[in-house]
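*Asks:* The structure that follows is given in the form of structure tokens.
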Amino acid sequence: MGYAGYVPTKYAPKLSGVQLALKAVQDEAAYDLLGKLMKNLAVNPAEDKYRRLRLSNPRIEAALKAAPNALPALEALGWQSDPEDADFLVCPKSVKPSMAEVRLIEEAKADFKKDARSAKRSAAGKALATGVDQQRIAAQLAADRAERAAAGPVGRGSTAQALPNLGMKTASEAGIGSGGDC
């Protein structure tokens with residue numbers, strides 16, 4: 001490792017097969033469910049109920065089967081088709097998931113959300129900058145410039161002017177506080 005833990009090259013490290021499979025998932029609900037499945041398995045590796053997944057479950061169908069590349073991501077994490085029943089996926093006992101996989105899923109989810117936000121911002125910028133909008137904005141800017149030019153400079157030269165005497169006196173002239181009455 002380089003200084004302060006930084007990679008000593010300017011190139012990004014190569015992604016593992018699991019990381020590539022997770023990056024291919026394009027649905028936030030799928031990331032949530034993948035994270036929950038792997039966290040349950042990492043926390044409770046001995047419980048068989050967390051090692052079996054029914055694909056016909058409505059929540060699984062909505063989150064994983066409907067999301068592009070979610071099932072291949074599960075397979076990359078070690079899940080396999082059950083040879084006894086095609087409706088199930090199982091995670092064999094030989095696969096020992098840890099919180100490292102959960103962190104990989106969370107990182108992929110964060111990257112997905114970041115990419116979605118930047119794509120949304122980019123689309124909004126492109127929508128704003130259409131030809132008609134640009135012409136309207138340019139015309140408004142030209143009208144504003146002409147209005148400011150016609151009004152003349154913003155600041156005028158200023159000279160000091162005497163303030164009117166309103167009969168104000170200092171405290172001692174008014175006889176306040178000079179008697180030592182405190």
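How things are named: the first chain in the structure tokens is A, the next is B, and so on; residues count from 1 in each chain; ligands count from 1 in the order shown.
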Can you list every residue of stretch 16-37 of chain A that has an atom at most 8 Å from stretch 68-81 of chain A, with its nearest atom pair and the distance in Å to one decimal, using only C-alpha atoms, ordered by chain then number, as JSON lines?

*Replies:*
{"residue": "A:Gly17", "atom": "CA", "partner": "A:Ala76", "partner_atom": "CA", "distance": 7.1}
{"residue": "A:Val18", "atom": "CA", "partner": "A:Ala76", "partner_atom": "CA", "distance": 5.4}
{"residue": "A:Ala21", "atom": "CA", "partner": "A:Ala73", "partner_atom": "CA", "distance": 4.8}
{"residue": "A:Leu22", "atom": "CA", "partner": "A:Ala73", "partner_atom": "CA", "distance": 5.5}
{"residue": "A:Ala24", "atom": "CA", "partner": "A:Asn69", "partner_atom": "CA", "distance": 5.9}
{"residue": "A:Val25", "atom": "CA", "partner": "A:Asn69", "partner_atom": "CA", "distance": 5.0}
{"residue": "A:Gln26", "atom": "CA", "partner": "A:Pro68", "partner_atom": "CA", "distance": 6.2}
{"residue": "A:Asp27", "atom": "CA", "partner": "A:Pro68", "partner_atom": "CA", "distance": 7.6}
{"residue": "A:Ala30", "atom": "CA", "partner": "A:Ala70", "partner_atom": "CA", "distance": 6.6}
{"residue": "A:Leu34", "atom": "CA", "partner": "A:Leu74", "partner_atom": "CA", "distance": 7.4}

*Asks:* Counting only C-alpha atoms, what is within 10 Å of stretch 95-99 of chain A, bar same-chain residues fewer than 3 positions away, as an NGL selection string?

*Replies:* :A and (35 or 38-46 or 51 or 77-79 or 91-92 or 102-105)

*Asks:* Give me, please, the distance in Å between atom CA of A:Leu89 and atom CA of A:Lys113, quoted to one decimal.

*Replies:*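 About the pair atom CA of A:Leu89 and atom CA of A:Lys113: they are 27.4 Å apart.
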
*Asks:* Could you tell me how far atom CA of A:Leu37 sits from atom CA of A:Phe88, in Å to one decimal place?

*Replies:*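 Atom-to-atom, atom CA of A:Phe88 and atom CA of A:Leu37 are spaced 14.0 Å apart.
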
*Asks:* Ranking A:Val90, A:Asn57, A:Phe112, A:Lys49 by minimum distance to A:Ala29 and counting only C-alpha atoms, which one comes first?

*Replies:*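 Distance minimum relative to A:Ala29 lands on A:Phe112.
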
*Asks:* Just give me the gap between atom CA of A:Ala124 and atom CA of A:Asp144 in Å, one decimal is fine.

*Replies:*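 These atoms are spaced 25.2 Å apart.
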
*Asks:* Tell me, which residues of chain A carry DSSP alpha helix (DSSP H), written as a PyMOL selection string?

*Replies:* chain A and resi 17-23+28-43+58-60+70-76+99-128+131-151

*Asks:* Tell me which of A:Gln19, A:Gly167, A:Gly175, A:Leu33 sits closest to A:Leu64, counting only C-alpha atoms.

*Replies:*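 Going through A:Gln19, A:Gly167, A:Gly175, A:Leu33 one by one, the smallest distance to A:Leu64 is for A:Leu33.
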